[in-house]
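Below is the file work_22.txt, which contains compact mmCIF, C-alpha atoms.
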# COMPACT_ATOMS: atom_id res chain seq x y z
CA MET H 3 -4.58 14.99 -45.20
CA PHE H 4 -6.36 11.64 -45.18
CA GLU H 5 -4.01 8.70 -45.89
CA GLU H 6 -4.84 5.34 -47.41
CA LYS H 7 -4.41 2.36 -45.10
CA TYR H 8 -3.74 -1.27 -45.91
CA ASP H 9 -2.15 -4.28 -44.27
CA PHE H 10 1.06 -5.39 -45.98
CA TYR H 11 -0.40 -8.89 -45.99
CA SER H 12 -3.90 -9.32 -47.35
CA PRO H 13 -5.93 -11.01 -44.56
CA SER H 14 -6.33 -14.78 -44.55
CA ASN H 15 -9.71 -16.51 -44.57
CA PHE H 16 -8.60 -18.31 -41.42
CA ASN H 17 -8.32 -16.63 -38.05
CA ILE H 18 -6.77 -17.81 -34.79
CA HIS H 19 -9.69 -16.22 -32.94
CA ASP H 20 -12.14 -18.57 -34.66
CA LEU H 21 -10.74 -21.57 -32.74
CA ASP H 22 -12.45 -23.19 -29.77
CA GLN H 23 -11.91 -21.79 -26.29
CA ASN H 24 -9.55 -24.57 -25.11
CA MET H 25 -7.23 -23.91 -28.04
CA LYS H 26 -7.41 -20.15 -27.54
CA ASP H 27 -6.51 -20.65 -23.87
CA SER H 28 -3.49 -22.75 -24.85
CA LEU H 29 -2.42 -20.23 -27.47
CA SER H 30 -2.43 -17.46 -24.86
CA ILE H 31 1.14 -18.62 -24.17
CA MET H 32 2.07 -16.52 -27.22
CA GLY H 33 1.57 -13.46 -25.01
CA LYS H 34 4.94 -14.23 -23.41
CA LEU H 35 6.72 -13.33 -26.63
CA ASP H 36 7.92 -9.81 -27.38
CA PHE H 37 5.66 -7.72 -29.61
CA LEU H 38 7.74 -8.01 -32.80
CA THR H 39 7.96 -11.80 -32.52
CA GLN H 40 4.20 -11.99 -31.94
CA VAL H 41 3.59 -9.98 -35.12
CA HIS H 42 6.03 -12.19 -37.01
CA CYS H 43 4.26 -15.34 -35.78
CA SER H 44 0.88 -13.95 -36.87
CA ASN H 45 2.30 -13.14 -40.30
CA VAL H 46 3.77 -16.62 -40.68
CA ALA H 47 0.44 -18.18 -39.67
CA ASN H 48 -1.37 -16.03 -42.24
CA LEU H 49 1.12 -16.81 -45.00
CA SER H 50 1.23 -20.53 -44.23
CA ALA H 51 -2.56 -20.77 -44.49
CA ARG H 52 -2.65 -18.81 -47.73
CA ILE H 53 0.15 -20.88 -49.28
CA CYS H 54 -1.91 -23.96 -48.43
CA GLN H 55 -4.95 -22.40 -50.07
CA GLN H 56 -2.97 -21.71 -53.25
CA MET H 57 -1.81 -25.34 -53.23
CA ARG H 58 -5.42 -26.48 -52.79
CA CYS H 59 -4.64 -28.31 -49.54
CA ASN H 60 -7.62 -29.57 -47.59
CA ASN H 61 -9.10 -27.42 -44.86
CA GLN H 62 -7.83 -29.57 -41.98
CA PHE H 63 -4.20 -29.48 -43.18
CA THR H 64 -4.45 -25.74 -43.87
CA ILE H 65 -5.65 -24.99 -40.34
CA HIS H 66 -2.91 -27.27 -38.98
CA CYS H 67 -0.24 -25.29 -40.87
CA MET H 68 -1.76 -22.02 -39.69
CA ILE H 69 -1.60 -23.00 -36.00
CA ALA H 70 1.82 -24.68 -36.29
CA GLY H 71 3.08 -21.58 -38.10
CA TYR H 72 1.66 -19.36 -35.39
CA LEU H 73 3.56 -21.39 -32.78
CA HIS H 74 6.79 -21.79 -34.72
CA ASP H 75 8.80 -19.27 -32.66
CA ILE H 76 7.18 -19.91 -29.27
CA GLY H 77 10.50 -21.25 -27.97
CA LYS H 78 11.93 -17.73 -28.17
CA CYS H 79 10.10 -16.86 -24.96
CA PHE H 80 12.89 -18.85 -23.24
CA ILE H 81 15.75 -17.06 -25.01
CA PRO H 82 17.49 -14.34 -22.92
CA GLU H 83 16.36 -10.87 -24.00
CA GLU H 84 19.93 -9.66 -24.49
CA ILE H 85 20.36 -12.33 -27.19
CA LEU H 86 16.87 -12.21 -28.67
CA CYS H 87 16.89 -8.42 -29.06
CA LYS H 88 20.59 -7.91 -29.74
CA ASP H 89 21.29 -5.13 -32.23
CA GLY H 90 23.91 -6.69 -34.46
CA MET H 91 25.31 -10.10 -35.27
CA LEU H 92 25.25 -12.82 -32.66
CA THR H 93 28.47 -14.42 -31.52
CA PRO H 94 28.83 -18.15 -32.29
CA GLU H 95 27.98 -18.92 -28.67
CA GLU H 96 24.90 -16.66 -28.74
CA TYR H 97 23.77 -18.22 -32.03
CA GLU H 98 23.92 -21.69 -30.49
CA ILE H 99 21.66 -20.45 -27.68
CA MET H 100 19.28 -18.85 -30.18
CA LYS H 101 19.05 -22.12 -32.11
CA THR H 102 17.67 -23.87 -29.02
CA HIS H 103 14.33 -22.06 -29.50
CA THR H 104 13.33 -24.89 -31.86
CA THR H 105 13.75 -27.64 -29.28
CA LEU H 106 12.43 -25.49 -26.44
CA GLY H 107 9.30 -24.68 -28.44
CA TYR H 108 8.83 -28.35 -29.31
CA GLU H 109 9.11 -29.39 -25.65
CA LEU H 110 6.66 -26.67 -24.58
CA CYS H 111 4.08 -27.93 -27.11
CA LEU H 112 4.49 -31.52 -25.93
CA LYS H 113 3.50 -30.48 -22.40
CA ASP H 114 0.13 -29.08 -23.58
CA ILE H 115 -2.29 -31.64 -25.00
CA ASN H 116 -3.93 -28.93 -27.14
CA LEU H 117 -0.62 -27.88 -28.70
CA ARG H 118 1.07 -31.27 -29.01
CA ALA H 119 -0.18 -31.91 -32.54
CA TYR H 120 1.35 -28.62 -33.72
CA SER H 121 4.85 -29.19 -32.34
CA ASP H 122 6.08 -29.74 -35.92
CA GLY H 123 6.05 -25.95 -36.41
CA PRO H 124 8.53 -25.12 -33.62
CA TRP H 125 10.71 -28.22 -34.09
CA TYR H 126 11.20 -28.38 -37.85
CA HIS H 127 10.91 -24.82 -39.23
CA HIS H 128 14.69 -24.34 -39.44
CA GLU H 129 15.41 -27.70 -41.07
CA SER H 130 16.68 -27.50 -44.67
CA LEU H 131 15.99 -29.95 -47.48
CA ASN H 132 19.74 -30.26 -48.12
CA GLY H 133 20.48 -31.22 -44.50
CA THR H 134 22.15 -27.94 -43.51
CA GLY H 135 19.41 -26.88 -41.09
CA TYR H 136 18.89 -27.42 -37.38
CA PRO H 137 18.27 -28.79 -34.78
CA ARG H 138 18.71 -32.27 -36.32
CA GLY H 139 20.01 -31.68 -39.84
CA LEU H 140 17.11 -33.55 -41.44
CA ARG H 141 16.78 -33.95 -45.21
CA LYS H 142 13.99 -33.94 -47.78
CA ASN H 143 11.06 -36.19 -46.85
CA ASP H 144 12.26 -36.50 -43.24
CA ILE H 145 10.97 -32.93 -42.82
CA PRO H 146 7.15 -32.77 -42.50
CA TYR H 147 5.55 -30.98 -45.43
CA SER H 148 3.81 -28.63 -43.00
CA ALA H 149 7.22 -27.48 -41.78
CA GLN H 150 8.46 -27.04 -45.35
CA ILE H 151 5.55 -24.65 -45.95
CA ILE H 152 6.16 -22.81 -42.66
CA ARG H 153 9.87 -22.48 -43.52
CA VAL H 154 8.98 -20.62 -46.74
CA ALA H 155 6.54 -18.31 -44.91
CA ASP H 156 9.04 -17.72 -42.09
CA GLU H 157 11.94 -16.87 -44.38
CA TYR H 158 9.82 -14.54 -46.51
CA ASP H 159 8.46 -12.58 -43.54
CA ALA H 160 11.93 -12.36 -41.98
CA LEU H 161 13.26 -10.78 -45.19
CA VAL H 162 10.27 -8.44 -45.46
CA THR H 163 10.80 -7.29 -41.87
CA LYS H 164 14.56 -6.92 -42.25
CA ARG H 165 14.15 -4.75 -45.34
CA ASN H 166 11.41 -2.60 -43.77
CA TYR H 167 8.94 -3.02 -46.63
CA THR H 168 5.91 -0.73 -46.50
CA THR H 169 4.93 -1.40 -50.10
CA HIS H 170 5.37 -4.33 -52.50
CA VAL H 171 7.43 -2.20 -54.88
CA ASN H 172 10.74 -4.08 -55.41
CA ILE H 173 9.42 -7.12 -53.52
CA SER H 174 10.72 -9.22 -56.43
CA ALA H 175 14.23 -8.76 -55.01
CA THR H 176 13.15 -10.68 -51.91
CA LEU H 177 11.54 -13.41 -54.01
CA LYS H 178 14.75 -13.74 -56.02
CA ASP H 179 16.65 -14.37 -52.78
CA LEU H 180 14.15 -17.07 -51.86
CA ILE H 181 14.61 -18.69 -55.27
CA LYS H 182 18.33 -19.03 -54.52
CA ASP H 183 17.44 -21.07 -51.44
CA ALA H 184 15.11 -23.29 -53.47
CA GLN H 185 17.24 -24.04 -56.52
CA PRO H 186 19.39 -27.15 -56.93
CA SER H 187 23.07 -26.82 -56.13
CA GLN H 188 25.99 -29.10 -56.90
CA ASN H 189 28.25 -29.91 -53.96
CA ILE H 190 31.79 -31.16 -54.47
CA VAL H 191 32.13 -34.89 -53.86
CA ALA H 192 34.73 -35.78 -51.27
CA LEU H 193 37.51 -38.05 -52.53
CA ASP H 194 36.75 -40.62 -49.88
CA ASN H 195 33.13 -40.86 -51.11
CA LEU H 196 31.82 -39.89 -47.67
CA ALA H 197 29.84 -37.10 -49.36
CA GLN H 198 27.36 -37.46 -52.21
CA ASN H 199 26.09 -35.10 -54.86
CA GLU H 200 23.16 -33.15 -53.46
CA ARG H 201 20.85 -31.55 -56.01
CA VAL H 202 18.28 -29.92 -53.75
CA GLY H 203 18.23 -26.50 -52.11
CA LYS H 204 17.24 -25.45 -48.61
CA ILE H 205 13.54 -24.73 -49.08
CA SER H 206 10.77 -26.52 -50.94
CA PRO H 207 10.06 -25.05 -54.40
CA LYS H 208 6.35 -25.93 -54.55
CA PRO H 209 5.32 -23.85 -51.50
CA LEU H 210 7.60 -21.09 -52.79
CA LYS H 211 5.78 -21.11 -56.12
CA ALA H 212 2.48 -20.86 -54.21
CA LEU H 213 3.92 -17.96 -52.19
CA PHE H 214 4.56 -16.09 -55.46
CA LYS H 215 0.83 -16.27 -56.21
CA VAL H 216 0.05 -15.09 -52.67
CA VAL H 217 2.40 -12.13 -53.11
CA ILE H 218 0.79 -11.21 -56.44
CA ASN H 219 -2.61 -11.26 -54.72
CA ASP H 220 -1.19 -8.99 -52.02
CA ILE H 221 0.15 -6.59 -54.66
CA LEU H 222 -3.29 -6.47 -56.29
CA TYR H 223 -4.76 -5.82 -52.83
CA GLU H 224 -2.32 -2.91 -52.35
CA ILE H 225 -3.20 -1.55 -55.79
CA SER H 226 -6.91 -1.64 -54.94
CA CYS H 227 -6.24 0.28 -51.70
CA ILE H 228 -4.23 2.90 -53.58
CA CYS H 229 -6.92 3.14 -56.27
CA ASN H 230 -9.50 3.86 -53.58
CA TYR H 231 -7.24 6.59 -52.22
CA VAL H 232 -6.66 7.98 -55.72
CA SER H 233 -10.43 8.29 -56.14
CA TYR H 234 -10.56 10.19 -52.84
CA ILE H 235 -7.70 12.50 -53.91
CA GLU H 236 -9.34 13.20 -57.25
CA SER H 237 -12.62 14.14 -55.51
CA GLU H 238 -10.70 16.47 -53.19
CA ILE H 239 -8.92 18.07 -56.14
CA ARG H 240 -12.27 18.69 -57.84
CA ARG H 241 -13.59 20.29 -54.65
CA LEU H 242 -10.56 22.56 -54.30
CA LYS H 243 -10.66 23.53 -57.96
CA ASN H 244 -14.28 24.56 -57.47
CA ILE H 245 -13.08 26.82 -54.66
CA GLU H 246 -10.48 28.21 -57.05
CA LYS H 247 -13.18 28.84 -59.65
CA TYR H 248 -15.41 30.59 -57.10
CA GLU H 249 -12.50 32.71 -55.90
CA LYS H 250 -11.74 33.91 -59.43
CA LYS H 251 -15.38 34.82 -59.98
CA MET H 252 -15.54 36.57 -56.60
CA ASN H 253 -12.45 38.61 -57.42
CA SER H 254 -13.69 39.46 -60.93
CA THR H 255 -17.05 40.92 -59.87
CA LYS H 256 -17.59 44.30 -58.27
CA LYS H 257 -21.11 43.56 -57.08
CA PRO H 258 -21.22 43.02 -53.29
CA ASP H 259 -24.11 40.55 -53.48
CA LYS H 260 -22.20 38.46 -56.03
CA GLN H 261 -19.07 38.61 -53.90
CA ASP H 262 -21.06 37.41 -50.89
CA TYR H 263 -22.63 34.63 -52.97
CA TYR H 264 -19.24 33.26 -54.10
CA ALA H 265 -17.74 33.74 -50.62
CA SER H 266 -20.61 31.65 -49.16
CA GLY H 267 -19.96 28.93 -51.76
CA ILE H 268 -16.28 28.89 -50.86
CA LYS H 269 -17.11 28.66 -47.17
CA LEU H 270 -19.32 25.62 -47.79
CA LEU H 271 -16.57 23.87 -49.75
CA LEU H 272 -13.75 24.49 -47.28
CA LYS H 273 -12.97 21.71 -44.79
CA GLN H 274 -11.59 21.89 -41.27
CA GLY H 275 -8.10 23.37 -41.25
CA GLU H 276 -8.56 24.94 -44.68
CA SER H 277 -9.00 28.62 -45.47
CA ILE H 278 -9.08 30.92 -48.48
CA GLU H 279 -5.43 31.70 -47.69
CA ASN H 280 -4.10 28.11 -47.57
CA TYR H 281 -6.31 26.01 -49.86
CA HIS H 282 -3.85 26.41 -52.75
CA THR H 283 -1.21 24.72 -50.61
CA VAL H 284 -3.63 21.88 -49.86
CA LEU H 285 -4.45 21.59 -53.56
CA ASN H 286 -0.76 21.34 -54.44
CA GLU H 287 -0.28 18.66 -51.79
CA TYR H 288 -3.12 16.61 -53.28
CA ASN H 289 -1.73 17.04 -56.79
CA ASP H 290 1.68 15.83 -55.60
CA ALA H 291 0.08 12.90 -53.76
CA LEU H 292 -1.85 11.96 -56.90
CA VAL H 293 1.33 11.83 -58.98
CA ILE H 294 3.09 9.70 -56.34
CA ARG H 295 0.19 7.23 -56.00
CA LYS H 296 -0.26 6.83 -59.75
CA LYS H 297 3.46 6.13 -60.13
CA ARG H 298 3.25 3.55 -57.34
CA ILE H 299 0.37 1.81 -59.10
CA ASP H 300 2.46 1.66 -62.28
CA ASP H 301 5.46 0.35 -60.31
CA LEU H 302 3.32 -2.34 -58.66
CA TYR H 303 1.96 -3.55 -61.99
CA LYS H 304 5.57 -3.71 -63.25
CA GLU H 305 6.44 -5.73 -60.14
CA ILE H 306 3.74 -8.28 -60.99
CA LYS H 307 5.23 -8.64 -64.49
CA ILE H 308 8.69 -9.24 -63.00
CA ILE H 309 7.38 -11.84 -60.55
CA LYS H 310 5.51 -13.70 -63.28
CA LYS H 311 8.76 -14.02 -65.21
CA LEU H 312 10.70 -15.46 -62.25
CA LYS H 313 11.32 -19.16 -62.73
CA ILE H 314 11.39 -21.82 -60.04
CA LYS H 315 12.58 -25.33 -60.86
CA VAL H 316 10.01 -27.64 -59.26
Would you mind writing the structure in this file as structure tokens?
Amino acid sequence: MFEEKYDFYSPSNFNIHDLDQNMKDSLSIMGKLDFLTQVHCSNVANLSARICQQMRCNNQFTIHCMIAGYLHDIGKCFIPEEILCKDGMLTPEEYEIMKTHTTLGYELCLKDINLRAYSDGPWYHHESLNGTGYPRGLRKNDIPYSAQIIRVADEYDALVTKRNYTTHVNISATLKDLIKDAQPSQNIVALDNLAQNERVGKISPKPLKALFKVVINDILYEISCICNYVSYIESEIRRLKNIEKYEKKMNSTKKPDKQDYYASGIKLLLKQGESIENYHTVLNEYNDALVIRKKRIDDLYKEIKIIKKLKIKV
């Protein structure tokens, strides 16, 4: 049975392959990363560019965020495979080694004149607005806005990957988790006044709000793909029901010429792998698929309604 196909992320208007040859040569360093990290980096580049588009950033800044987002995890090519691909939680010592991918990626970019301008992606993408990030524990405006955008895209894709999403149904749960990282929090003030009240979360709310619009667009993109498949299923059901109609007429007549006529019609309507003996099974499969796809469309529209009700304090 033919299946509908769609990318989880609707494609960006910007493409790494559209860059000049010198930049493409420099970006070939990404080939040193493992496959899953390469996919993640491509997703973050896509999302970063589309967040910028939603925020109406200029073209130059948008392309900058796309490339810096693409490079953000390049330092992981220096992390030992047994740590990078470990199945389970890292030990404190292993986590400290993993954290060095930010500085290692930054230093790698500095060595290449074509990548130097995009070193903000690798160096800052784990910094948090409330100062709890790494490698330098920067706060608020000390973190470049490009990195604040990349941080949102990075965290979203990491959650999507971790939860094995193949559809945007229930994606609002992931967005709710991101809201928690964006909302203000009240820290307890130390008695010696060495600490101050901090009323800002880890990630920037404005790019997160733009991400919500990107996700809604992706849900609409998924719906359109499913609708195309639904149209295909419905046409197949009509074809198979015509076979059913011809079969009934063939079985109800006693005239050989009429039987041959309906048998020829059935033969023309059958597709490869189908027969008069199994087409009912195929028809049932299509009917079941139609019910499933229509329910998914309903669920996706409900998801959009949920997302539109989610509030982010900007």
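Of the listed residues (H:Ile225, H:Ile309, H:Ile173, H:Leu213), H:Leu213 comes nearest to H:Arg153; the distances count all atoms listed in the file.
When all atoms listed in the file are used to compute distances to H:His170, the closest of the residues H:Glu157, H:Glu279, H:Asp300, H:Glu6 turns out to be H:Asp300.
With atom CA of H:Ile151 on one side and atom CA of H:Lys211 on the other, the separation reads 10.8 Å.
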Shell of 10 Å around H:Ile65, all atoms listed in the file, local chain residues under 3 positions omitted, as a PyMOL selection string:
chain H and resi 16-18+21+47+50-51+54+59-62+68-71
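When only C-alpha atoms are used to measure the gap to H:Lys304, the shortest distance among H:Thr168, H:Asp179, H:Ser174, H:Arg240 belongs to H:Ser174.
Between atom CA of H:Gly77 and atom CA of H:Leu106 there is a distance of 4.9 Å.
Take the candidates H:Trp125, H:Tyr8, H:Phe63, H:Tyr72 and check each one against H:Thr39 using only C-alpha atoms; the shortest distance goes to H:Tyr72.
Taking only C-alpha atoms into account, H:Thr105 lies nearest to H:Lys78 out of the set H:Arg118, H:Lys215, H:Lys273, H:Lys78.
The smallest atom-to-atom distance between H:Leu292 and any of H:Glu109, H:Glu249, H:Asp27, H:Glu238, using all atoms listed in the file, is found for H:Glu238.
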Would you kindly return, as an mmCIF file with C-alpha atoms, keeping the file's coordinate frame, each protein, DNA or RNA residue with an atom no farther than 8 Å from any atom of stretch 112-116 of chain H, considering all atoms listed in the file and excluding same-chain residues fewer than 5 positions away?
data_model
loop_
_atom_site.group_PDB
_atom_site.id
_atom_site.type_symbol
_atom_site.label_atom_id
_atom_site.label_comp_id
_atom_site.auth_asym_id
_atom_site.auth_seq_id
_atom_site.Cartn_x
_atom_site.Cartn_y
_atom_site.Cartn_z
ATOM 1 C CA ASN H 24 -9.550 -24.570 -25.110
ATOM 2 C CA MET H 25 -7.230 -23.910 -28.040
ATOM 3 C CA SER H 28 -3.490 -22.750 -24.850
ATOM 4 C CA SER H 121 4.850 -29.190 -32.340
#
Which neighbours of H:Asn143 fall inside 12 Å, counting all atoms listed in the file, when residues of the same chain fewer than 2 positions from it are skipped, and could you give them as a tab-separated table (two decimals) with C-alpha atoms, keeping the file's coordinate frame?
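What ended up in selection28.tsv:
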chain	number	residue	atom	x	y	z
H	126	TYR	CA	11.20	-28.38	-37.85
H	129	GLU	CA	15.41	-27.70	-41.07
H	130	SER	CA	16.68	-27.50	-44.67
H	131	LEU	CA	15.99	-29.95	-47.48
H	132	ASN	CA	19.74	-30.26	-48.12
H	133	GLY	CA	20.48	-31.22	-44.50
H	140	LEU	CA	17.11	-33.55	-41.44
H	141	ARG	CA	16.78	-33.95	-45.21
H	145	ILE	CA	10.97	-32.93	-42.82
H	146	PRO	CA	7.15	-32.77	-42.50
H	147	TYR	CA	5.55	-30.98	-45.43
H	148	SER	CA	3.81	-28.63	-43.00
H	149	ALA	CA	7.22	-27.48	-41.78
H	150	GLN	CA	8.46	-27.04	-45.35
H	202	VAL	CA	18.28	-29.92	-53.75
H	205	ILE	CA	13.54	-24.73	-49.08
H	206	SER	CA	10.77	-26.52	-50.94
Enter the distance from atom CA of H:Glu96 to atom CA of H:Asp36, in Å, rounded to one decimal.
18.4 Å
